[in-house]
$ cat final35.cif   # mmCIF, C-alpha atoms
data_start
#
loop_
_atom_site.label_atom_id
_atom_site.label_comp_id
_atom_site.auth_asym_id
_atom_site.auth_seq_id
_atom_site.Cartn_x
_atom_site.Cartn_y
_atom_site.Cartn_z
CA MET A 1 -9.20 -3.42 22.38
CA ASN A 2 -10.65 -5.95 19.95
CA SER A 3 -10.71 -5.30 16.23
CA LEU A 4 -13.33 -6.24 13.69
CA HIS A 5 -12.53 -7.43 10.18
CA TYR A 6 -14.37 -6.02 7.17
CA HIS A 7 -14.61 -6.79 3.49
CA PHE A 8 -15.37 -3.74 1.33
CA ILE A 9 -16.08 -3.94 -2.40
CA GLN A 10 -16.25 -0.82 -4.57
CA CYS A 11 -17.17 -0.75 -8.27
CA VAL A 12 -16.20 1.82 -10.86
CA LYS A 13 -19.19 3.85 -12.08
CA TYR A 14 -21.06 2.07 -14.89
CA ARG A 15 -18.68 -0.87 -14.32
CA ARG A 16 -16.21 0.77 -16.72
CA LYS A 17 -12.87 -1.02 -17.00
CA ALA A 18 -10.88 1.89 -15.56
CA LEU A 19 -8.54 -0.19 -13.38
CA THR A 20 -6.45 -1.81 -16.12
CA ASN A 21 -3.36 0.41 -15.83
CA PRO A 22 -0.93 -0.94 -13.18
CA LEU A 23 0.04 2.67 -12.34
CA ILE A 24 -3.57 3.51 -11.44
CA ILE A 25 -3.84 0.36 -9.33
CA ASP A 26 -0.62 1.14 -7.45
CA PHE A 27 -1.74 4.74 -6.97
CA LEU A 28 -5.13 3.57 -5.62
CA LYS A 29 -3.49 1.17 -3.16
CA ILE A 30 -1.07 3.83 -1.89
CA LYS A 31 -3.94 6.31 -1.36
CA ILE A 32 -6.03 3.74 0.50
CA HIS A 33 -3.11 2.87 2.77
CA SER A 34 -2.47 6.54 3.47
CA ILE A 35 -6.12 7.28 4.29
CA SER A 36 -6.35 4.16 6.43
CA GLU A 37 -3.43 5.26 8.58
CA THR A 38 -5.26 8.45 9.53
CA PHE A 39 -8.27 6.38 10.65
CA ASP A 40 -6.14 3.85 12.57
CA VAL A 41 -7.33 1.13 10.17
CA GLU A 42 -5.12 -1.82 9.31
CA VAL A 43 -5.29 -2.75 5.63
CA LEU A 44 -5.04 -6.53 5.37
CA ASN A 45 -5.33 -6.82 1.59
CA ILE A 46 -6.35 -4.87 -1.52
CA GLU A 47 -7.07 -6.62 -4.80
CA CYS A 48 -8.20 -4.96 -8.01
CA ASP A 49 -10.01 -6.18 -11.07
CA GLU A 50 -10.73 -4.11 -14.18
CA ASP A 51 -13.86 -2.49 -12.74
CA TYR A 52 -13.76 -2.89 -8.94
CA PHE A 53 -11.54 -3.43 -5.93
CA HIS A 54 -11.76 -5.50 -2.76
CA LEU A 55 -10.43 -4.13 0.50
CA LEU A 56 -9.99 -6.32 3.56
CA PHE A 57 -9.35 -4.29 6.68
CA SER A 58 -9.31 -4.49 10.43
CA ALA A 59 -10.57 -1.67 12.66
CA LYS A 60 -11.80 -0.90 16.13
CA PRO A 61 -15.56 -1.16 16.63
CA SER A 62 -15.67 2.60 17.13
CA LEU A 63 -14.67 3.29 13.50
CA ASP A 64 -17.16 5.50 11.67
CA ILE A 65 -17.37 3.19 8.64
CA PRO A 66 -19.52 5.44 6.40
CA LYS A 67 -17.11 8.34 6.97
CA TYR A 68 -14.07 6.14 6.28
CA ILE A 69 -15.61 4.71 3.08
CA ASN A 70 -16.77 8.12 1.84
CA ILE A 71 -13.33 9.62 2.36
CA ILE A 72 -11.71 6.74 0.47
CA LYS A 73 -14.17 7.20 -2.39
CA THR A 74 -13.86 11.00 -2.49
CA ILE A 75 -10.08 11.25 -2.30
CA THR A 76 -9.29 8.35 -4.63
CA SER A 77 -11.83 9.53 -7.20
CA ARG A 78 -10.48 13.07 -7.22
CA GLU A 79 -6.82 12.05 -7.25
CA ILE A 80 -7.18 9.34 -9.91
CA ARG A 81 -9.07 11.71 -12.23
CA LYS A 82 -6.49 14.44 -11.61
CA ASN A 83 -3.40 12.24 -12.11
CA PHE A 84 -4.77 9.96 -14.84
CA PRO A 85 -6.91 12.17 -17.09
CA GLU A 86 -7.45 9.30 -19.55
CA VAL A 87 -10.04 7.79 -17.18
CA LYS A 88 -12.29 10.81 -17.77
CA THR A 89 -12.96 9.55 -21.28
CA MET A 90 -14.53 6.37 -19.83
CA LEU A 91 -16.85 8.12 -17.41
CA TRP A 92 -19.47 10.84 -17.50
CA LYS A 93 -19.39 13.87 -15.21
CA ASP A 94 -16.94 13.96 -12.32
CA THR A 95 -17.76 10.56 -10.90
CA PHE A 96 -15.37 7.64 -10.67
CA TRP A 97 -16.96 5.24 -8.18
CA SER A 98 -20.43 3.80 -8.12
CA ARG A 99 -22.69 5.31 -5.44
CA SER A 100 -23.26 2.01 -3.70
CA TYR A 101 -20.77 -0.31 -2.10
CA SER A 102 -20.75 -3.64 -0.35
CA ASN A 103 -19.45 -3.88 3.16
CA ARG A 104 -19.72 -6.73 5.57
CA GLU A 105 -18.20 -7.65 8.86
CA LEU A 106 -16.22 -10.87 8.83
#
$ encode --input "final35.cif" --output "structure tokens"
Amino acid sequence: MNSLHYHFIQCVKYRRKALTNPLIIDFLKIKIHSISETFDVEVLNIECDEDYFHLLFSAKPSLDIPKYINIIKTITSREIRKNFPEVKTMLWKDTFWSRSYSNREL
């Protein structure tokens, strides 16, 4: 079956510079790879800047993209806040990621 390629960009809430610690970045990448395996998604590349990340991935056309994206956002937000409590000082409430995201088929 053919695969489609996607480019997903996700910003930290309020564009806070919460992705400066290499340990957080590595943790984020590992979580995304783990989640992607369960969805049969091939991660092609993940790059991080201080306040957002880019994810290039390949998936079957049948992938439920909103579900996949929401699970990435939910799990990584919860796990980063739990394992790196210092990020809580940068953000209000229990939110790590911005509500919106950019996703386009390549």
$ closest_residue --input "final35.cif" --among "A:Phe27, A:Tyr6, A:Phe53, A:Tyr68" --to "Ser98 (chain A)" --atoms "all atoms listed in the file"
A:Phe53
$ resolve_selection --input "final35.cif" --expression "the PyMOL selection byres ((chain A and resi 63) around 12)" --output "PyMOL selection string"
chain A and resi 2-6+36+38-42+57-62+64-69
$ write_last_selection --input "final35.cif" --atoms "C-alpha atoms" --output "PDB file, in the frame of the given file"
ATOM      1  CA  ASN A   2     -10.650  -5.950  19.950  1.00  0.00           C
ATOM      2  CA  SER A   3     -10.710  -5.300  16.230  1.00  0.00           C
ATOM      3  CA  LEU A   4     -13.330  -6.240  13.690  1.00  0.00           C
ATOM      4  CA  HIS A   5     -12.530  -7.430  10.180  1.00  0.00           C
ATOM      5  CA  TYR A   6     -14.370  -6.020   7.170  1.00  0.00           C
ATOM      6  CA  SER A  36      -6.350   4.160   6.430  1.00  0.00           C
ATOM      7  CA  THR A  38      -5.260   8.450   9.530  1.00  0.00           C
ATOM      8  CA  PHE A  39      -8.270   6.380  10.650  1.00  0.00           C
ATOM      9  CA  ASP A  40      -6.140   3.850  12.570  1.00  0.00           C
ATOM     10  CA  VAL A  41      -7.330   1.130  10.170  1.00  0.00           C
ATOM     11  CA  GLU A  42      -5.120  -1.820   9.310  1.00  0.00           C
ATOM     12  CA  PHE A  57      -9.350  -4.290   6.680  1.00  0.00           C
ATOM     13  CA  SER A  58      -9.310  -4.490  10.430  1.00  0.00           C
ATOM     14  CA  ALA A  59     -10.570  -1.670  12.660  1.00  0.00           C
ATOM     15  CA  LYS A  60     -11.800  -0.900  16.130  1.00  0.00           C
ATOM     16  CA  PRO A  61     -15.560  -1.160  16.630  1.00  0.00           C
ATOM     17  CA  SER A  62     -15.670   2.600  17.130  1.00  0.00           C
ATOM     18  CA  ASP A  64     -17.160   5.500  11.670  1.00  0.00           C
ATOM     19  CA  ILE A  65     -17.370   3.190   8.640  1.00  0.00           C
ATOM     20  CA  PRO A  66     -19.520   5.440   6.400  1.00  0.00           C
ATOM     21  CA  LYS A  67     -17.110   8.340   6.970  1.00  0.00           C
ATOM     22  CA  TYR A  68     -14.070   6.140   6.280  1.00  0.00           C
ATOM     23  CA  ILE A  69     -15.610   4.710   3.080  1.00  0.00           C
TER      24      ILE A  69
END
$ atom_distance --input "final35.cif" --atom1 "CA of Ser34 (chain A)" --atom2 "CA of Arg16 (chain A)"
25.1 Å
$ atom_distance --input "final35.cif" --atom1 "CA of Lys82 (chain A)" --atom2 "CA of Cys48 (chain A)"
19.8 Å
$ closest_residue --input "final35.cif" --among "A:Asp51, A:Phe84, A:Thr95, A:Ile72" --to "Ala18 (chain A)" --atoms "all atoms listed in the file"
A:Asp51
$ residues_around --input "final35.cif" --residues "Ile80 (chain A)" --least-positions-apart "3" --cutoff "10 Å" --atoms "all atoms listed in the file" --output "ChimeraX atom specification"
/A:24-25,27-28,31,75-77,83-88,96
$ residues_around --input "final35.cif" --residues "Leu19 (chain A)" --least-positions-apart "2" --cutoff "6 Å" --atoms "all atoms listed in the file" --output "ChimeraX atom specification"
/A:17,21,50-51
$ write_last_selection --input "final35.cif" --atoms "C-alpha atoms" --output "PDB file, keeping the file's coordinate frame"
ATOM      1  CA  LYS A  17     -12.870  -1.020 -17.000  1.00  0.00           C
ATOM      2  CA  ASN A  21      -3.360   0.410 -15.830  1.00  0.00           C
ATOM      3  CA  GLU A  50     -10.730  -4.110 -14.180  1.00  0.00           C
ATOM      4  CA  ASP A  51     -13.860  -2.490 -12.740  1.00  0.00           C
TER       5      ASP A  51
END
$ axis_aligned_box --input "final35.cif" --around "region 48-58 of chain A" --padding-each-side "5 Å" --output "AutoDock Vina command-line options"
--center_x -11.0 --center_y -4.4 --center_z -1.9 --size_x 15.7 --size_y 13.8 --size_z 34.6
$ resolve_selection --input "final35.cif" --expression "the PyMOL selection byres ((chain A and resi 47) around 10)" --output "list in words"
Ile9, Ile25, Lys29, Asn45, Ile46, Cys48, Asp49, Tyr52, Phe53, His54, Leu55 and Leu56 of chain A
$ atom_distance --input "final35.cif" --atom1 "CA of Thr74 (chain A)" --atom2 "CA of Cys11 (chain A)"
13.5 Å
$ closest_residue --input "final35.cif" --among "A:Ile30, A:Leu23, A:Leu44, A:Ile35" --to "Lys73 (chain A)" --atoms "all atoms listed in the file"
A:Ile35
$ decode --input "final35.cif" --residues "region 34-49 of chain A" --atoms "all heavy atoms" --output "CSV table (one decimal), in the first residue's frame"
chain,number,residue,atom,x,y,z
A,34,SER,N,8.0,6.1,19.9
A,34,SER,CA,7.3,5.0,20.6
A,34,SER,C,5.8,5.1,20.2
A,34,SER,O,5.2,4.1,19.9
A,34,SER,CB,7.4,5.1,22.1
A,34,SER,OG,6.6,4.2,22.8
A,35,ILE,N,5.2,6.3,20.3
A,35,ILE,CA,3.8,6.4,19.9
A,35,ILE,C,3.6,6.1,18.4
A,35,ILE,O,2.6,5.4,18.0
A,35,ILE,CB,3.3,7.9,20.2
A,35,ILE,CG1,3.3,8.2,21.7
A,35,ILE,CG2,2.0,8.2,19.5
A,35,ILE,CD1,3.3,9.7,22.0
A,36,SER,N,4.5,6.5,17.6
A,36,SER,CA,4.4,6.3,16.1
A,36,SER,C,4.4,4.8,15.8
A,36,SER,O,3.7,4.4,14.9
A,36,SER,CB,5.6,7.0,15.4
A,36,SER,OG,5.4,8.4,15.6
A,37,GLU,N,5.2,4.0,16.5
A,37,GLU,CA,5.2,2.6,16.3
A,37,GLU,C,3.8,2.0,16.5
A,37,GLU,O,3.4,1.1,15.7
A,37,GLU,CB,6.2,1.9,17.2
A,37,GLU,CG,7.6,2.1,16.8
A,37,GLU,CD,8.6,1.4,17.8
A,37,GLU,OE1,8.2,0.5,18.5
A,37,GLU,OE2,9.8,1.8,17.8
A,38,THR,N,3.1,2.4,17.5
A,38,THR,CA,1.8,1.9,17.7
A,38,THR,C,0.8,2.2,16.7
A,38,THR,O,-0.2,1.6,16.5
A,38,THR,CB,1.2,2.3,19.1
A,38,THR,OG1,1.0,3.7,19.1
A,38,THR,CG2,2.2,1.9,20.2
A,39,PHE,N,1.0,3.3,15.9
A,39,PHE,CA,0.1,3.8,14.8
A,39,PHE,C,0.6,3.3,13.5
A,39,PHE,O,0.1,3.7,12.5
A,39,PHE,CB,0.0,5.3,14.9
A,39,PHE,CG,-1.0,5.8,15.8
A,39,PHE,CD1,-0.6,6.0,17.2
A,39,PHE,CD2,-2.3,6.0,15.5
A,39,PHE,CE1,-1.5,6.5,18.1
A,39,PHE,CE2,-3.2,6.5,16.4
A,39,PHE,CZ,-2.8,6.7,17.7
A,40,ASP,N,1.7,2.5,13.4
A,40,ASP,CA,2.3,2.1,12.2
A,40,ASP,C,2.7,3.3,11.3
A,40,ASP,O,2.5,3.3,10.1
A,40,ASP,CB,1.4,1.2,11.4
A,40,ASP,CG,2.1,0.4,10.3
A,40,ASP,OD1,3.3,0.1,10.5
A,40,ASP,OD2,1.4,0.0,9.3
A,41,VAL,N,3.3,4.3,12.0
A,41,VAL,CA,3.8,5.5,11.3
A,41,VAL,C,5.3,5.5,11.3
A,41,VAL,O,6.0,5.1,12.3
A,41,VAL,CB,3.3,6.7,12.1
A,41,VAL,CG1,4.0,8.0,11.6
A,41,VAL,CG2,1.8,6.9,12.0
A,42,GLU,N,5.9,5.8,10.2
A,42,GLU,CA,7.4,5.8,10.1
A,42,GLU,C,7.8,7.3,10.3
A,42,GLU,O,7.5,8.2,9.5
A,42,GLU,CB,7.8,5.4,8.7
A,42,GLU,CG,9.3,5.4,8.6
A,42,GLU,CD,9.8,5.0,7.2
A,42,GLU,OE1,8.9,4.7,6.3
A,42,GLU,OE2,11.0,5.0,6.9
A,43,VAL,N,8.6,7.5,11.3
A,43,VAL,CA,9.2,8.8,11.6
A,43,VAL,C,10.4,9.0,10.7
A,43,VAL,O,11.3,8.2,10.8
A,43,VAL,CB,9.6,9.0,13.1
A,43,VAL,CG1,10.3,10.3,13.3
A,43,VAL,CG2,8.3,8.9,14.0
A,44,LEU,N,10.3,10.0,9.9
A,44,LEU,CA,11.5,10.3,8.9
A,44,LEU,C,12.5,11.2,9.6
A,44,LEU,O,13.7,11.1,9.4
A,44,LEU,CB,10.9,10.8,7.6
A,44,LEU,CG,9.9,10.0,6.9
A,44,LEU,CD1,9.3,10.7,5.7
A,44,LEU,CD2,10.5,8.6,6.5
A,45,ASN,N,12.0,12.2,10.3
A,45,ASN,CA,12.9,13.1,11.0
A,45,ASN,C,12.1,13.9,12.0
A,45,ASN,O,10.9,14.2,11.9
A,45,ASN,CB,13.4,14.1,9.9
A,45,ASN,CG,14.6,14.9,10.5
A,45,ASN,OD1,15.3,14.5,11.4
A,45,ASN,ND2,14.9,16.0,9.8
A,46,ILE,N,12.8,14.3,13.1
A,46,ILE,CA,12.3,15.2,14.1
A,46,ILE,C,13.4,16.2,14.4
A,46,ILE,O,14.5,15.8,14.7
A,46,ILE,CB,11.9,14.4,15.5
A,46,ILE,CG1,11.0,13.3,15.2
A,46,ILE,CG2,11.4,15.4,16.5
A,46,ILE,CD1,10.8,12.4,16.5
A,47,GLU,N,13.0,17.5,14.3
A,47,GLU,CA,14.0,18.5,14.7
A,47,GLU,C,13.3,19.5,15.6
A,47,GLU,O,12.1,19.8,15.5
A,47,GLU,CB,14.4,19.3,13.4
A,47,GLU,CG,15.2,18.5,12.4
A,47,GLU,CD,16.6,18.1,13.0
A,47,GLU,OE1,17.1,18.9,13.8
A,47,GLU,OE2,17.1,17.1,12.6
A,48,CYS,N,14.0,19.9,16.6
A,48,CYS,CA,13.5,20.8,17.7
A,48,CYS,C,14.2,22.2,17.6
A,48,CYS,O,15.4,22.2,17.4
A,48,CYS,CB,13.7,20.2,19.0
A,48,CYS,SG,12.7,18.7,19.3
A,49,ASP,N,13.4,23.2,17.9
A,49,ASP,CA,14.0,24.5,18.2
A,49,ASP,C,13.6,24.8,19.7
A,49,ASP,O,13.0,24.0,20.3
A,49,ASP,CB,13.4,25.5,17.2
A,49,ASP,CG,14.3,26.8,17.1
A,49,ASP,OD1,15.2,26.9,18.0
A,49,ASP,OD2,14.1,27.6,16.2
